[in-house]
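Shown next: start-v3.pdb, given as PDB, C-alpha atoms.
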```pdb
ATOM      1  CA  MET A   1      -8.731 -22.168 -14.855
ATOM      2  CA  ASN A   2      -7.785 -20.600 -18.222
ATOM      3  CA  ARG A   3      -7.678 -17.185 -16.551
ATOM      4  CA  ASN A   4      -5.141 -18.440 -13.983
ATOM      5  CA  ILE A   5      -2.944 -19.918 -16.701
ATOM      6  CA  THR A   6      -3.087 -16.660 -18.677
ATOM      7  CA  ILE A   7      -2.174 -14.591 -15.621
ATOM      8  CA  GLY A   8       0.665 -16.999 -14.780
ATOM      9  CA  LEU A   9       2.100 -16.824 -18.285
ATOM     10  CA  LEU A  10       1.819 -13.029 -18.297
ATOM     11  CA  GLY A  11       3.668 -12.861 -14.988
ATOM     12  CA  LEU A  12       6.402 -15.175 -16.247
ATOM     13  CA  SER A  13       6.893 -13.091 -19.380
ATOM     14  CA  ILE A  14       7.184  -9.905 -17.324
ATOM     15  CA  VAL A  15       9.844 -11.476 -15.104
ATOM     16  CA  ALA A  16      11.798 -13.137 -17.953
ATOM     17  CA  THR A  17      11.817 -10.217 -20.409
ATOM     18  CA  PRO A  18      14.428  -8.029 -18.615
ATOM     19  CA  VAL A  19      16.824 -10.988 -18.350
ATOM     20  CA  TRP A  20      16.398 -11.847 -22.039
ATOM     21  CA  ILE A  21      16.841  -8.206 -23.104
ATOM     22  CA  SER A  22      19.972  -7.669 -21.007
ATOM     23  CA  THR A  23      21.696 -10.771 -22.376
ATOM     24  CA  SER A  24      20.646 -10.208 -25.974
ATOM     25  CA  LEU A  25      21.758  -6.549 -25.981
ATOM     26  CA  ALA A  26      25.260  -7.396 -24.770
ATOM     27  CA  GLY A  27      27.627  -7.186 -27.717
ATOM     28  CA  PRO A  28      30.462  -9.609 -28.455
ATOM     29  CA  ALA A  29      32.934  -7.499 -26.457
ATOM     30  CA  ASP A  30      30.592  -7.478 -23.444
ATOM     31  CA  GLN A  31      30.066 -11.232 -23.695
ATOM     32  CA  ALA A  32      33.829 -11.823 -23.919
ATOM     33  CA  MET A  33      34.360  -9.653 -20.839
ATOM     34  CA  LEU A  34      31.707 -11.598 -18.909
ATOM     35  CA  LEU A  35      33.360 -14.852 -19.984
ATOM     36  CA  GLN A  36      36.780 -13.679 -18.768
ATOM     37  CA  GLU A  37      35.383 -12.506 -15.419
ATOM     38  CA  LYS A  38      33.810 -15.905 -14.724
ATOM     39  CA  SER A  39      36.579 -18.061 -16.207
ATOM     40  CA  PRO A  40      39.657 -18.871 -14.128
ATOM     41  CA  ALA A  41      42.877 -18.093 -15.978
ATOM     42  CA  PHE A  42      45.902 -20.370 -16.102
ATOM     43  CA  HIS A  43      49.462 -20.113 -17.363
ATOM     44  CA  GLY A  44      52.562 -22.264 -17.228
ATOM     45  CA  LYS A  45      54.559 -24.928 -19.011
ATOM     46  CA  VAL A  46      52.991 -27.968 -20.636
ATOM     47  CA  GLY A  47      53.960 -31.120 -18.748
ATOM     48  CA  ALA A  48      51.991 -33.611 -20.849
ATOM     49  CA  VAL A  49      49.745 -33.811 -23.903
ATOM     50  CA  ASP A  50      47.372 -36.754 -24.303
ATOM     51  CA  THR A  51      45.620 -36.485 -27.658
ATOM     52  CA  SER A  52      43.689 -39.744 -27.194
ATOM     53  CA  ALA A  53      42.235 -38.574 -23.850
ATOM     54  CA  GLY A  54      41.933 -34.981 -25.083
ATOM     55  CA  THR A  55      43.853 -33.520 -22.154
ATOM     56  CA  LEU A  56      46.675 -31.101 -21.530
ATOM     57  CA  THR A  57      48.630 -30.950 -18.253
ATOM     58  CA  VAL A  58      49.911 -27.522 -17.245
ATOM     59  CA  ASP A  59      51.955 -27.257 -14.043
ATOM     60  CA  GLY A  60      50.259 -30.405 -12.715
ATOM     61  CA  MET A  61      46.707 -29.319 -13.599
ATOM     62  CA  VAL A  62      44.896 -31.610 -16.055
ATOM     63  CA  ILE A  63      42.768 -29.594 -18.493
ATOM     64  CA  ARG A  64      40.244 -31.245 -20.819
ATOM     65  CA  ILE A  65      40.233 -30.026 -24.395
ATOM     66  CA  THR A  66      36.859 -30.219 -26.151
ATOM     67  CA  ALA A  67      35.536 -29.341 -29.595
ATOM     68  CA  SER A  68      34.512 -25.938 -28.237
ATOM     69  CA  SER A  69      37.968 -25.157 -26.775
ATOM     70  CA  LYS A  70      39.732 -22.471 -28.813
ATOM     71  CA  LEU A  71      43.417 -23.348 -29.292
ATOM     72  CA  THR A  72      45.733 -20.797 -30.923
ATOM     73  CA  LYS A  73      49.409 -20.135 -31.587
ATOM     74  CA  ALA A  74      50.525 -16.798 -33.066
ATOM     75  CA  ASP A  75      46.814 -15.970 -33.522
ATOM     76  CA  LYS A  76      46.289 -19.023 -35.766
ATOM     77  CA  ALA A  77      43.969 -21.929 -34.904
ATOM     78  CA  ILE A  78      45.790 -25.134 -33.951
ATOM     79  CA  SER A  79      44.893 -28.607 -32.676
ATOM     80  CA  LEU A  80      45.887 -30.321 -29.443
ATOM     81  CA  ALA A  81      48.508 -32.346 -31.369
ATOM     82  CA  ASP A  82      50.295 -29.063 -32.222
ATOM     83  CA  ILE A  83      51.009 -28.373 -28.528
ATOM     84  CA  LYS A  84      54.280 -29.860 -27.263
ATOM     85  CA  VAL A  85      55.666 -30.661 -23.818
ATOM     86  CA  GLY A  86      57.606 -27.632 -22.587
ATOM     87  CA  ASP A  87      55.497 -25.065 -24.475
ATOM     88  CA  ASP A  88      54.473 -21.954 -22.546
ATOM     89  CA  VAL A  89      50.663 -21.732 -22.548
ATOM     90  CA  HIS A  90      47.983 -19.572 -21.002
ATOM     91  CA  GLY A  91      44.227 -19.325 -21.272
ATOM     92  CA  THR A  92      40.901 -19.662 -19.514
ATOM     93  CA  THR A  93      39.005 -22.616 -18.120
ATOM     94  CA  LYS A  94      35.695 -23.525 -16.554
ATOM     95  CA  GLN A  95      34.971 -25.974 -13.776
ATOM     96  CA  MET A  96      32.560 -28.730 -14.796
ATOM     97  CA  ALA A  97      29.915 -30.363 -12.605
ATOM     98  CA  ASP A  98      32.019 -33.546 -12.482
ATOM     99  CA  GLY A  99      34.882 -31.548 -10.927
ATOM    100  CA  LYS A 100      37.067 -31.630 -14.031
ATOM    101  CA  THR A 101      38.574 -28.534 -15.613
ATOM    102  CA  GLU A 102      37.705 -27.751 -19.239
ATOM    103  CA  ALA A 103      39.596 -25.294 -21.444
ATOM    104  CA  LEU A 104      37.741 -22.406 -23.006
ATOM    105  CA  THR A 105      40.876 -20.905 -24.569
ATOM    106  CA  VAL A 106      44.484 -22.044 -24.808
ATOM    107  CA  LYS A 107      47.138 -19.780 -26.297
ATOM    108  CA  VAL A 108      50.605 -21.153 -26.980
ATOM    109  CA  GLY A 109      53.411 -18.681 -26.331
ATOM    110  CA  PRO A 110      54.432 -16.370 -23.516
ATOM    111  CA  GLN A 111      51.652 -14.576 -21.691
ATOM    112  CA  GLU A 112      51.201 -11.047 -22.963
ATOM    113  CA  THR A 113      51.896  -8.340 -20.418
ATOM    114  CA  LYS A 114      49.898  -5.153 -20.495
ATOM    115  CA  PRO A 115      52.051  -2.012 -20.712
ATOM    116  CA  LYS A 116      51.787   0.267 -17.687
ATOM    117  CA  PRO A 117      50.574   3.810 -18.436
TER
END
```
Target format structure tokens, applied to this file:
Amino acid sequence: MNRNITIGLLGLSIVATPVWISTSLAGPADQAMLLQEKSPAFHGKVGAVDTSAGTLTVDGMVIRITASSKLTKADKAISLADIKVGDDVHGTTKQMADGKTEALTVKVGPQETKPKP
């Protein structure tokens, strides 16, 4: 019985080690890139801000703002109350299990365009 448990644990560690190593070796830039690839982007004008519900409506899409959402304006941290109706915003979101959309990042201001080479 103990031998089977030992073999099972050894097998699990062999399978789990490559996954742990690959995620722990990814630097902050790699992790940010993975986050962007998996996070739907949004941009548009703010239609409503509800600080009591912790939501922001952008072009009809209701986005939940949580403690982990990163809100910025001119590269400075801001709060939901600092965002006004009519502001141009852009950022990234994630879809939650309950079907609601949660903000990962929200940047106030026009969306930056990348210069063409």
Find the spatial neighbours of stretch 67-77 of chain A, counting all atoms listed in the file, within a cut-off of 12 Å - ignore same-chain residues fewer than 5 positions away - and output them as a PyMOL selection string. chain A and resi 54-56+82-84+87-94+101-112
Could you save the residues just selected, with C-alpha atoms, as a tab-separated table (two decimals), in the frame of the given file?
```tsv
chain	number	residue	atom	x	y	z
A	54	GLY	CA	41.93	-34.98	-25.08
A	55	THR	CA	43.85	-33.52	-22.15
A	56	LEU	CA	46.68	-31.10	-21.53
A	82	ASP	CA	50.30	-29.06	-32.22
A	83	ILE	CA	51.01	-28.37	-28.53
A	84	LYS	CA	54.28	-29.86	-27.26
A	87	ASP	CA	55.50	-25.06	-24.48
A	88	ASP	CA	54.47	-21.95	-22.55
A	89	VAL	CA	50.66	-21.73	-22.55
A	90	HIS	CA	47.98	-19.57	-21.00
A	91	GLY	CA	44.23	-19.32	-21.27
A	92	THR	CA	40.90	-19.66	-19.51
A	93	THR	CA	39.01	-22.62	-18.12
A	94	LYS	CA	35.70	-23.52	-16.55
A	101	THR	CA	38.57	-28.53	-15.61
A	102	GLU	CA	37.70	-27.75	-19.24
A	103	ALA	CA	39.60	-25.29	-21.44
A	104	LEU	CA	37.74	-22.41	-23.01
A	105	THR	CA	40.88	-20.90	-24.57
A	106	VAL	CA	44.48	-22.04	-24.81
A	107	LYS	CA	47.14	-19.78	-26.30
A	108	VAL	CA	50.60	-21.15	-26.98
A	109	GLY	CA	53.41	-18.68	-26.33
A	110	PRO	CA	54.43	-16.37	-23.52
A	111	GLN	CA	51.65	-14.58	-21.69
A	112	GLU	CA	51.20	-11.05	-22.96
```
Atom CA of A:Asp98 and atom CA of A:Gly60 are how many Å apart? 18.5 Å
Give me, please, the distance in Å between atom CA of A:Ser79 and atom CA of A:Gly99, quoted to one decimal.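 Atom CA of A:Gly99 lies 24.1 Å from atom CA of A:Ser79.
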Which of A:Val85, A:Val49, A:Ala97, A:Ile78 sits closest to A:Ile63 [using only C-alpha atoms]: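 Closest to A:Ile63, using only C-alpha atoms: A:Val49.
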To one decimal place in Å, what is the distance between atom CA of A:Gln95 and atom CA of A:Thr57? 15.2 Å
Matched chain/residue IDs from the PyMOL selection byres ((chain A and resi 59) around 10), as a PyMOL selection string: chain A and resi 42-48+56-58+60-62
